[in-house]
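query.cif (mmCIF, C-alpha atoms and all ligand atoms) appears below.
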data_start
loop_
_atom_site.group_PDB
_atom_site.id
_atom_site.type_symbol
_atom_site.label_atom_id
_atom_site.label_comp_id
_atom_site.auth_asym_id
_atom_site.auth_seq_id
_atom_site.Cartn_x
_atom_site.Cartn_y
_atom_site.Cartn_z
ATOM 1 C CA MET V 1 0.000 0.000 0.000
ATOM 2 C CA GLN V 2 1.340 3.450 -0.951
ATOM 3 C CA VAL V 3 2.345 5.894 1.765
ATOM 4 C CA ARG V 4 0.071 8.926 1.238
ATOM 5 C CA THR V 5 -0.512 10.102 4.829
ATOM 6 C CA ALA V 6 1.792 11.992 7.170
ATOM 7 C CA LEU V 7 1.471 12.875 10.844
ATOM 8 C CA ILE V 8 3.176 15.937 12.321
ATOM 9 C CA PRO V 9 3.282 16.104 16.133
ATOM 10 C CA ALA V 10 2.946 19.747 17.146
ATOM 11 C CA ALA V 11 1.404 19.700 20.612
ATOM 12 C CA GLY V 12 4.542 20.213 22.732
ATOM 13 C CA PHE V 13 5.214 23.247 24.918
ATOM 14 C CA GLY V 14 8.392 24.328 23.123
ATOM 15 C CA THR V 15 9.977 25.245 26.454
ATOM 16 C CA ARG V 16 13.428 25.809 24.946
ATOM 17 C CA PHE V 17 12.020 28.782 23.052
ATOM 18 C CA LEU V 18 10.236 30.489 25.938
ATOM 19 C CA PRO V 19 9.151 33.217 26.250
ATOM 20 C CA ALA V 20 8.557 33.394 22.452
ATOM 21 C CA THR V 21 6.533 30.177 22.523
ATOM 22 C CA LYS V 22 4.237 31.495 25.236
ATOM 23 C CA ALA V 23 2.141 32.939 22.398
ATOM 24 C CA VAL V 24 3.681 31.651 19.147
ATOM 25 C CA PRO V 25 3.900 27.871 18.649
ATOM 26 C CA LYS V 26 7.450 26.682 18.008
ATOM 27 C CA GLU V 27 6.228 25.034 14.799
ATOM 28 C CA LEU V 28 5.262 28.438 13.379
ATOM 29 C CA LEU V 29 8.576 30.184 14.071
ATOM 30 C CA PRO V 30 9.855 31.466 10.727
ATOM 31 C CA ILE V 31 12.725 30.033 8.747
ATOM 32 C CA ILE V 32 13.485 33.305 6.942
ATOM 33 C CA ASP V 33 9.829 34.071 6.088
ATOM 34 C CA THR V 34 8.135 30.669 6.141
ATOM 35 C CA PRO V 35 6.866 28.784 9.197
ATOM 36 C CA ALA V 36 8.878 25.641 9.905
ATOM 37 C CA LEU V 37 5.589 23.709 9.775
ATOM 38 C CA GLN V 38 5.021 24.800 6.167
ATOM 39 C CA LEU V 39 8.496 23.623 5.140
ATOM 40 C CA ILE V 40 7.776 20.234 6.730
ATOM 41 C CA ILE V 41 4.465 19.980 4.866
ATOM 42 C CA ASP V 42 6.255 20.879 1.614
ATOM 43 C CA GLU V 43 8.785 18.115 2.298
ATOM 44 C CA ALA V 44 5.922 15.643 2.813
ATOM 45 C CA ILE V 45 4.155 16.731 -0.398
ATOM 46 C CA GLY V 46 7.431 16.200 -2.271
ATOM 47 C CA ALA V 47 7.452 12.583 -1.058
ATOM 48 C CA GLY V 48 3.945 11.861 -2.396
ATOM 49 C CA ILE V 49 1.900 12.696 0.707
ATOM 50 C CA ASP V 50 -1.637 13.999 0.091
ATOM 51 C CA HIS V 51 -3.068 13.936 3.639
ATOM 52 C CA VAL V 52 -1.352 15.585 6.610
ATOM 53 C CA VAL V 53 -2.575 14.997 10.163
ATOM 54 C CA ILE V 54 -1.346 17.658 12.570
ATOM 55 C CA VAL V 55 -1.493 16.615 16.214
ATOM 56 C CA THR V 56 -1.864 19.869 18.071
ATOM 57 C CA SER V 57 -3.011 21.271 21.389
ATOM 58 C CA ARG V 58 -6.079 23.378 22.217
ATOM 59 C CA ALA V 59 -3.593 25.830 23.773
ATOM 60 C CA LYS V 60 -2.035 26.489 20.329
ATOM 61 C CA PRO V 61 -4.898 27.922 18.221
ATOM 62 C CA ALA V 62 -2.419 29.742 15.963
ATOM 63 C CA ILE V 63 -1.596 26.443 14.252
ATOM 64 C CA GLU V 64 -5.149 26.014 12.986
ATOM 65 C CA ALA V 65 -5.395 29.734 12.234
ATOM 66 C CA TYR V 66 -2.473 29.380 9.844
ATOM 67 C CA PHE V 67 -4.603 27.136 7.598
ATOM 68 C CA GLN V 68 -7.676 29.397 7.544
ATOM 69 C CA PRO V 69 -8.438 31.368 4.355
ATOM 70 C CA ALA V 70 -7.172 34.977 4.422
ATOM 71 C CA PRO V 71 -9.348 36.808 1.861
ATOM 72 C CA ASP V 72 -8.543 40.336 3.099
ATOM 73 C CA VAL V 73 -4.777 39.908 2.890
ATOM 74 C CA ILE V 74 -5.074 38.161 -0.462
ATOM 75 C CA ALA V 75 -7.254 40.976 -1.864
ATOM 76 C CA LYS V 76 -4.731 43.565 -0.685
ATOM 77 C CA LEU V 77 -1.860 41.616 -2.271
ATOM 78 C CA ARG V 78 -3.740 41.346 -5.580
ATOM 79 C CA ASP V 79 -4.610 45.078 -5.511
ATOM 80 C CA SER V 80 -0.942 45.904 -5.186
ATOM 81 C CA GLY V 81 0.143 43.454 -7.904
ATOM 82 C CA ARG V 82 1.702 40.917 -5.569
ATOM 83 C CA ASP V 83 -0.035 37.963 -7.203
ATOM 84 C CA GLU V 84 2.732 35.478 -6.578
ATOM 85 C CA MET V 85 2.393 35.814 -2.802
ATOM 86 C CA ALA V 86 -1.418 35.873 -3.103
ATOM 87 C CA ASP V 87 -1.287 32.571 -5.014
ATOM 88 C CA ARG V 88 1.040 31.162 -2.384
ATOM 89 C CA LEU V 89 -1.318 32.102 0.455
ATOM 90 C CA GLU V 90 -4.264 30.635 -1.421
ATOM 91 C CA ARG V 91 -2.517 27.269 -1.690
ATOM 92 C CA ILE V 92 -1.960 26.932 2.088
ATOM 93 C CA GLY V 93 -4.096 24.094 3.367
ATOM 94 C CA VAL V 94 -5.521 23.526 -0.130
ATOM 95 C CA ASP V 95 -2.655 21.806 -1.949
ATOM 96 C CA VAL V 96 -2.830 18.967 0.577
ATOM 97 C CA ARG V 97 -5.644 17.735 2.824
ATOM 98 C CA ILE V 98 -5.014 18.860 6.415
ATOM 99 C CA SER V 99 -6.677 17.180 9.416
ATOM 100 C CA PHE V 100 -6.238 18.060 13.072
ATOM 101 C CA ALA V 101 -6.079 15.749 16.050
ATOM 102 C CA TYR V 102 -5.618 16.898 19.622
ATOM 103 C CA GLN V 103 -3.295 15.866 22.382
ATOM 104 C CA GLU V 104 -4.908 17.079 25.594
ATOM 105 C CA GLN V 105 -1.733 16.656 27.658
ATOM 106 C CA ALA V 106 1.861 16.672 26.403
ATOM 107 C CA LEU V 107 2.615 13.088 27.456
ATOM 108 C CA GLY V 108 5.430 12.500 24.980
ATOM 109 C CA LEU V 109 6.009 11.803 21.311
ATOM 110 C CA GLY V 110 4.587 8.265 21.372
ATOM 111 C CA HIS V 111 1.421 9.561 22.998
ATOM 112 C CA ALA V 112 1.162 12.403 20.453
ATOM 113 C CA VAL V 113 1.409 9.928 17.563
ATOM 114 C CA GLY V 114 -1.216 7.746 19.270
ATOM 115 C CA CYS V 115 -3.582 10.729 19.381
ATOM 116 C CA GLY V 116 -3.576 10.740 15.568
ATOM 117 C CA ARG V 117 -4.870 7.176 15.279
ATOM 118 C CA GLU V 118 -8.399 7.962 14.149
ATOM 119 C CA ALA V 119 -7.349 10.684 11.723
ATOM 120 C CA VAL V 120 -4.653 8.486 10.142
ATOM 121 C CA GLY V 121 -6.761 5.321 9.892
ATOM 122 C CA ASP V 122 -5.514 1.871 8.961
ATOM 123 C CA VAL V 123 -2.785 2.904 6.515
ATOM 124 C CA PRO V 124 1.008 3.224 6.608
ATOM 125 C CA PHE V 125 2.021 6.779 7.422
ATOM 126 C CA ALA V 126 5.023 9.046 7.734
ATOM 127 C CA VAL V 127 5.866 10.901 10.952
ATOM 128 C CA LEU V 128 7.813 14.147 10.571
ATOM 129 C CA LEU V 129 9.094 16.000 13.614
ATOM 130 C CA PRO V 130 8.694 19.664 12.723
ATOM 131 C CA ASP V 131 11.835 20.809 14.520
ATOM 132 C CA GLU V 132 14.062 18.734 12.233
ATOM 133 C CA LEU V 133 14.360 20.443 8.890
ATOM 134 C CA MET V 134 15.569 18.498 5.832
ATOM 135 C CA GLY V 135 17.160 19.999 2.739
ATOM 136 C CA ASP V 136 14.658 18.207 0.474
ATOM 137 C CA SER V 137 12.105 15.357 0.237
ATOM 138 C CA SER V 138 14.479 12.650 -0.996
ATOM 139 C CA LEU V 139 14.986 10.908 2.355
ATOM 140 C CA LEU V 140 11.273 10.677 3.170
ATOM 141 C CA ASP V 141 10.519 9.575 -0.390
ATOM 142 C CA GLN V 142 13.085 6.771 -0.180
ATOM 143 C CA MET V 143 11.809 5.723 3.272
ATOM 144 C CA ALA V 144 8.232 5.509 1.949
ATOM 145 C CA ARG V 145 9.344 3.260 -0.923
ATOM 146 C CA VAL V 146 11.271 0.997 1.510
ATOM 147 C CA CYS V 147 8.130 0.676 3.674
ATOM 148 C CA GLU V 148 6.039 -0.170 0.606
ATOM 149 C CA ARG V 149 8.577 -2.803 -0.487
ATOM 150 C CA THR V 150 9.207 -4.455 2.904
ATOM 151 C CA GLY V 151 5.827 -3.960 4.595
ATOM 152 C CA GLY V 152 7.627 -2.880 7.780
ATOM 153 C CA GLY V 153 8.552 0.315 9.619
ATOM 154 C CA VAL V 154 11.419 2.558 8.495
ATOM 155 C CA VAL V 155 13.389 5.213 10.367
ATOM 156 C CA GLY V 156 15.679 7.923 8.999
ATOM 157 C CA VAL V 157 19.161 7.939 10.559
ATOM 158 C CA LYS V 158 22.497 9.660 10.260
ATOM 159 C CA PRO V 159 25.915 8.959 11.754
ATOM 160 C CA VAL V 160 27.249 11.243 14.509
ATOM 161 C CA PRO V 161 30.602 11.218 16.360
ATOM 162 C CA TRP V 162 30.517 8.329 18.858
ATOM 163 C CA ASP V 163 30.881 10.599 21.883
ATOM 164 C CA GLU V 164 27.524 12.233 21.039
ATOM 165 C CA VAL V 165 25.369 9.096 20.858
ATOM 166 C CA ASP V 166 24.189 9.367 24.475
ATOM 167 C CA ARG V 167 22.016 12.363 23.522
ATOM 168 C CA TYR V 168 19.914 10.545 20.923
ATOM 169 C CA GLY V 169 17.876 7.495 19.975
ATOM 170 C CA VAL V 170 20.236 5.029 18.270
ATOM 171 C CA ILE V 171 19.578 1.991 16.047
ATOM 172 C CA ASP V 172 20.986 -1.489 16.582
ATOM 173 C CA PRO V 173 21.570 -2.692 12.990
ATOM 174 C CA SER V 174 21.228 -6.391 12.226
ATOM 175 C CA GLY V 175 23.112 -6.280 8.909
ATOM 176 C CA GLU V 176 25.218 -4.202 6.560
ATOM 177 C CA ILE V 177 24.225 -0.885 4.997
ATOM 178 C CA ASP V 178 23.456 -1.553 1.319
ATOM 179 C CA ALA V 179 24.425 0.636 -1.642
ATOM 180 C CA ASP V 180 21.221 2.685 -1.250
ATOM 181 C CA GLY V 181 21.887 3.378 2.433
ATOM 182 C CA VAL V 182 19.252 0.889 3.660
ATOM 183 C CA VAL V 183 20.064 -1.228 6.711
ATOM 184 C CA PRO V 184 17.958 -3.812 8.623
ATOM 185 C CA VAL V 185 17.286 -2.875 12.243
ATOM 186 C CA ARG V 186 17.169 -5.283 15.194
ATOM 187 C CA THR V 187 16.063 -2.679 17.711
ATOM 188 C CA MET V 188 16.518 0.907 18.894
ATOM 189 C CA VAL V 189 17.729 2.367 22.181
ATOM 190 C CA GLU V 190 17.091 5.792 23.624
ATOM 191 C CA LYS V 191 20.187 7.726 24.814
ATOM 192 C CA PRO V 192 22.562 4.750 25.350
ATOM 193 C CA PRO V 193 25.822 5.229 27.305
ATOM 194 C CA VAL V 194 28.641 5.860 24.795
ATOM 195 C CA ASP V 195 30.471 2.623 25.655
ATOM 196 C CA ALA V 196 27.325 0.487 25.253
ATOM 197 C CA ALA V 197 25.819 2.085 22.139
ATOM 198 C CA PRO V 198 24.970 -0.458 19.411
ATOM 199 C CA SER V 199 25.861 2.046 16.647
ATOM 200 C CA ASN V 200 26.465 5.750 16.053
ATOM 201 C CA MET V 201 23.408 5.986 13.768
ATOM 202 C CA ILE V 202 20.913 8.346 15.387
ATOM 203 C CA LEU V 203 17.194 8.811 14.716
ATOM 204 C CA ILE V 204 16.618 12.130 12.972
ATOM 205 C CA GLY V 205 12.892 12.735 13.283
ATOM 206 C CA ARG V 206 11.632 10.940 10.169
ATOM 207 C CA TYR V 207 9.665 7.707 10.406
ATOM 208 C CA VAL V 208 7.440 5.691 8.073
ATOM 209 C CA LEU V 209 5.309 3.374 10.155
ATOM 210 C CA THR V 210 2.731 0.671 9.634
ATOM 211 C CA PRO V 211 -0.582 1.227 11.455
ATOM 212 C CA ASP V 212 -0.029 -1.629 13.919
ATOM 213 C CA VAL V 213 2.234 0.876 15.713
ATOM 214 C CA PHE V 214 -0.923 2.331 17.273
ATOM 215 C CA ASP V 215 -1.528 -0.924 19.179
ATOM 216 C CA ARG V 216 2.131 -0.912 20.246
ATOM 217 C CA ILE V 217 1.838 2.657 21.504
ATOM 218 C CA ALA V 218 -1.253 1.706 23.494
ATOM 219 C CA GLU V 219 0.852 -0.966 25.248
ATOM 220 C CA VAL V 220 3.761 1.349 26.152
ATOM 221 C CA ARG V 221 4.066 2.167 29.831
ATOM 222 C CA PRO V 222 5.010 5.731 30.735
ATOM 223 C CA GLY V 223 8.737 6.207 31.438
ATOM 224 C CA ALA V 224 10.479 7.955 34.327
ATOM 225 C CA VAL V 225 8.973 11.409 33.637
ATOM 226 C CA GLY V 226 5.546 10.039 32.731
ATOM 227 C CA GLU V 227 6.162 10.291 28.967
ATOM 228 C CA ILE V 228 5.124 7.667 26.435
ATOM 229 C CA GLN V 229 8.145 7.247 24.170
ATOM 230 C CA LEU V 230 7.749 6.443 20.496
ATOM 231 C CA THR V 231 11.005 4.474 20.593
ATOM 232 C CA ASP V 232 9.431 1.934 22.981
ATOM 233 C CA ALA V 233 6.652 1.220 20.470
ATOM 234 C CA LEU V 234 9.187 0.969 17.636
ATOM 235 C CA GLN V 235 11.238 -1.556 19.626
ATOM 236 C CA ALA V 236 8.152 -3.770 19.820
ATOM 237 C CA GLN V 237 7.536 -3.378 16.087
ATOM 238 C CA ALA V 238 11.137 -4.191 15.209
ATOM 239 C CA ALA V 239 10.985 -7.315 17.396
ATOM 240 C CA ALA V 240 7.854 -8.525 15.599
ATOM 241 C CA GLY V 241 8.658 -8.002 11.927
ATOM 242 C CA PRO V 242 10.826 -6.335 9.285
ATOM 243 C CA PHE V 243 12.195 -2.941 10.268
ATOM 244 C CA HIS V 244 14.736 -0.838 8.394
ATOM 245 C CA ALA V 245 16.670 2.390 8.588
ATOM 246 C CA VAL V 246 17.700 4.630 5.722
ATOM 247 C CA VAL V 247 20.928 6.591 6.139
ATOM 248 C CA SER V 248 20.210 10.210 5.212
ATOM 249 C CA LYS V 249 22.245 11.982 2.563
ATOM 250 C CA VAL V 250 20.370 15.294 2.832
ATOM 251 C CA ASP V 251 21.264 18.372 4.865
ATOM 252 C CA ARG V 252 19.528 18.405 8.228
ATOM 253 C CA TYR V 253 18.928 21.285 10.597
ATOM 254 C CA ASP V 254 17.824 20.925 14.205
ATOM 255 C CA THR V 255 15.625 23.982 14.657
ATOM 256 C CA GLY V 256 14.185 22.902 18.019
ATOM 257 C CA ASN V 257 16.468 25.121 20.111
ATOM 258 C CA PRO V 258 17.504 28.770 19.657
ATOM 259 C CA LEU V 259 21.099 28.123 18.525
ATOM 260 C CA GLY V 260 20.073 25.380 16.070
ATOM 261 C CA TRP V 261 17.274 27.556 14.730
ATOM 262 C CA LEU V 262 19.563 30.554 14.293
ATOM 263 C CA THR V 263 22.316 28.618 12.517
ATOM 264 C CA ALA V 264 19.720 26.979 10.219
ATOM 265 C CA VAL V 265 18.279 30.382 9.341
ATOM 266 C CA ILE V 266 21.748 31.806 8.610
ATOM 267 C CA GLU V 267 22.776 28.823 6.448
ATOM 268 C CA LEU V 268 19.526 28.790 4.511
ATOM 269 C CA ALA V 269 19.491 32.582 4.168
ATOM 270 C CA LEU V 270 23.005 32.495 2.685
ATOM 271 C CA LYS V 271 21.653 30.106 0.010
ATOM 272 C CA ASP V 272 18.522 32.216 -0.589
ATOM 273 C CA ALA V 273 18.341 33.844 -4.033
ATOM 274 C CA ARG V 274 16.885 37.116 -2.695
ATOM 275 C CA ILE V 275 18.813 37.755 0.508
ATOM 276 C CA GLY V 276 21.877 35.509 0.263
ATOM 277 C CA ALA V 277 24.122 38.095 -1.422
ATOM 278 C CA PRO V 278 23.261 41.082 0.813
ATOM 279 C CA LEU V 279 23.549 38.895 3.919
ATOM 280 C CA ARG V 280 26.996 37.712 2.810
ATOM 281 C CA THR V 281 28.063 41.313 2.196
ATOM 282 C CA TRP V 282 26.808 42.367 5.625
ATOM 283 C CA LEU V 283 28.563 39.480 7.376
ATOM 284 C CA THR V 284 31.806 40.262 5.537
ATOM 285 C CA THR V 285 31.801 44.024 6.002
ATOM 286 C CA ARG V 286 30.825 43.840 9.658
ATOM 287 C CA ASP V 287 33.626 41.320 10.213
ATOM 288 C CA LEU V 288 31.758 40.065 13.267
ATOM 289 C CA LEU V 289 34.252 37.412 14.288
ATOM 290 C CA ALA V 290 37.296 39.681 14.345
ATOM 291 C CA SER V 291 38.559 40.685 17.782
ATOM 292 C CA GLY V 292 37.281 44.085 18.817
ATOM 293 C CA SER V 293 34.164 43.669 16.646
ATOM 294 C CA PRO V 294 30.829 44.923 17.986
ATOM 295 C CA GLY V 295 29.404 42.841 20.860
HETATM 296 P P1 LIG O 301 10.253 18.318 21.333
HETATM 297 O O1 LIG O 301 10.576 17.708 22.635
HETATM 298 O O2 LIG O 301 11.367 18.770 20.459
HETATM 299 O O3 LIG O 301 9.280 19.569 21.483
HETATM 300 O O4 LIG O 301 9.321 17.331 20.533
HETATM 301 P P2 LIG O 301 8.737 20.313 22.748
HETATM 302 O O5 LIG O 301 8.434 19.372 23.850
HETATM 303 O O6 LIG O 301 7.614 21.176 22.252
HETATM 304 O O7 LIG O 301 9.951 21.284 23.044
HETATM 305 P P3 LIG O 301 10.847 21.545 24.360
HETATM 306 O O8 LIG O 301 11.708 20.330 24.510
HETATM 307 O O9 LIG O 301 9.911 21.790 25.498
HETATM 308 O O10 LIG O 301 11.626 22.776 23.991
HETATM 309 C C1 LIG O 301 9.376 17.146 19.107
HETATM 310 C C2 LIG O 301 8.011 17.428 18.481
HETATM 311 O O11 LIG O 301 7.017 16.613 19.092
HETATM 312 C C3 LIG O 301 5.938 17.395 19.564
HETATM 313 C C4 LIG O 301 6.480 18.816 19.721
HETATM 314 O O12 LIG O 301 5.443 19.769 19.485
HETATM 315 C C5 LIG O 301 7.572 18.890 18.666
HETATM 316 O O13 LIG O 301 7.065 19.352 17.435
HETATM 317 N N1 LIG O 301 5.428 16.830 20.823
HETATM 318 C C6 LIG O 301 6.275 16.535 21.841
HETATM 319 C C7 LIG O 301 4.074 16.622 20.952
HETATM 320 O O14 LIG O 301 3.292 16.887 20.009
HETATM 321 N N2 LIG O 301 3.609 16.135 22.139
HETATM 322 C C8 LIG O 301 4.422 15.824 23.185
HETATM 323 O O15 LIG O 301 3.924 15.371 24.236
HETATM 324 C C9 LIG O 301 5.805 16.041 23.028
#
Represent the structure contained in this file as structure tokens.
Ligand code: UTP
Amino acid sequence: MQVRTALIPAAGFGTRFLPATKAVPKELLPIIDTPALQLIIDEAIGAGIDHVVIVTSRAKPAIEAYFQPAPDVIAKLRDSGRDEMADRLERIGVDVRISFAYQEQALGLGHAVGCGREAVGDVPFAVLLPDELMGDSSLLDQMARVCERTGGGVVGVKPVPWDEVDRYGVIDPSGEIDADGVVPVRTMVEKPPVDAAPSNMILIGRYVLTPDVFDRIAEVRPGAVGEIQLTDALQAQAAAGPFHAVVSKVDRYDTGNPLGWLTAVIELALKDARIGAPLRTWLTTRDLLASGSPG
């Protein structure tokens, strides 16, 4: 069965971005001028997704507001000849079907995914964490095809220096990485000690899962801080059937914390056709890293 549905968990508190996230959801913080959530949806569309389920919180009404029609703004844009932006606004929430599901309490990523069960239905689906930004759709597209071929779950991974593995979820591979970057997975562990880690391949916020994961999530017991971890449900899936990882070749930006967000914005802005050149000029002329520079 083709992977056409994606779930985006967006019900967290975004505490690392407080006080900004007191009123603005982390998922709507701009990457240059576009909400991170929109870039994630665009990535999903590029991988063949036509239905996006956003798991959100009643305390974050701005997320739903983003998908509402904006006739007044669009009329003003058209009056002033800015049709390209008007067309862009008109496509939001129209170029792909958007559904909302609610997580009443932020009880962890596994719980958030579980809250999307009814909206997703009995089909394989992608999960995209909106604070991990990918350079393009190629990884998710490849993961979807691997899921369709194997009938099992797939996670996106990338290698990190060994001394960093204790900060992440890590896969335990059960075979070699093939020429396409696909590797069978025995299990996954969350934040293993460096000397006991089964690999240095970390989970990077992209999953393609079969719908039986919802039953697995329902069986997961809350961990130490009361959170229901997605990794626990994936361990059960991997133990029961085929499970693979795809090693990512695309650029990845962790925009979930202020420094990661800022460096992603700078890197992407330097590549941007409109503002890349003036930004480069500004950075060069200000010579910000030289000793005695401002700040
Ligand atoms: P994060 O842990 O990065 O987001 O979860 P957070 O909890 O909002 O942020 P901090 O750690 O407090 O700064 C990754 C994604 O999963 C969602 C978040 O909204 C984020 O997009 N999430 C997390 C949920 O939807 N529900 C949860 O219970 C936890």
**Item:** Protein and nucleic residues near ligand LIG 301 (chain O), 8 Å, only C-alpha atoms and all ligand atoms, as an MDAnalysis selection string
**Value:** chainID V and resid 8:17 26:27 55:57 103 105:113 129:131 227 256:257
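The space between atom CA of V:Thr5 and atom CA of V:Cys147 spans 12.8 Å.
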**Request:** Please evaluate the PyMOL selection byres (((chain V and resi 126) around 6) and not hetatm) against the displayed coordinates and give the resulting residues as a ChimeraX atom specification.
**Result:** /V:6,125,127,207-208
I need the residues from that last selection saved to file as a CSV table (one decimal), keeping the file's coordinate frame (with C-alpha atoms), if you can.
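The resulting file, result.csv, is shown below:
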chain,number,residue,atom,x,y,z
V,6,ALA,CA,1.8,12.0,7.2
V,125,PHE,CA,2.0,6.8,7.4
V,127,VAL,CA,5.9,10.9,11.0
V,207,TYR,CA,9.7,7.7,10.4
V,208,VAL,CA,7.4,5.7,8.1
**For atom CA of V:Val123 and atom CA of V:Glu90, the interatomic separation in Å (one decimal)** =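 Between these atoms lies a distance of 28.9 Å.
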**Among the residues V:Ala290, V:Ala47, V:Ala224, V:Ile31, the one that comes closest to V:Arg145 [using all atoms listed in the file]** =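 Closest candidate: V:Ala47.
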**Request:** Give as a PyMOL selection string the residues that the PyMOL selection byres (((chain V and resi 237) around 12) and not hetatm) matches when applied to the coordinates above.
**Result:** chain V and resi 151-155+185-188+209-217+219-220+230-236+238-244
**Asked** Which residues fall under the PyMOL selection byres (((chain V and resi 73) around 12) and not hetatm) in this file, as an NGL selection string?
**Response** :V and (68-72 or 74-80 or 82-83 or 85-90)
**Asked** stretch 64-67 of chain V: which residues within 12 Å, counting only C-alpha atoms, same-chain residues fewer than 6 positions away excluded, as a ChimeraX atom specification?
**Response** /V:10-11,24-25,27-29,34-38,41,53-58,89-102
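Going from atom CA of V:Asp33 to atom CA of V:Ile266 covers 12.4 Å.
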Can you tell me, as JSON, the centre and edge lengths (Å, one decimal) of the axis-aligned box enclosing all of stretch 277-289 of chain V's listed atoms after padding each side by 6 Å?
{"center_x": 28.8, "center_y": 40.7, "center_z": 6.4, "size_x": 23.0, "size_y": 18.6, "size_z": 27.7}
**Asked** Do you know which residues are at most 9 Å from V:Ser138 counting only C-alpha atoms, after dropping those on the same chain fewer than 6 positions away, and could you put them as a PyMOL selection string?
**Response** chain V and resi 43+46-47+248-250
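With distances restricted to all atoms listed in the file, V:Val52 is the closest residue to V:Gly116 from V:Val246, V:Ile275, V:Val52, V:Ala269.
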Show me, as a tab-separated table, the residues of stretch 105-172 of chain V having an atom within 12 Å of stretch 189-194 of chain V, each with the closest atom pair and its distance in Å, using all atoms listed in the file.
residue	atom	partner	partner_atom	distance
V:Val160	CA	V:Val194	CA	11.7
V:Pro161	CA	V:Val194	CA	10.2
V:Trp162	CA	V:Val194	CA	6.7
V:Asp163	CA	V:Val194	CA	6.0
V:Glu164	CA	V:Val194	CA	7.5
V:Val165	CA	V:Val194	CA	6.1
V:Asp166	CA	V:Lys191	CA	4.3
V:Arg167	CA	V:Lys191	CA	5.1
V:Tyr168	CA	V:Lys191	CA	4.8
V:Gly169	CA	V:Glu190	CA	4.1
V:Val170	CA	V:Val189	CA	5.4
V:Ile171	CA	V:Val189	CA	6.4
V:Asp172	CA	V:Val189	CA	7.5
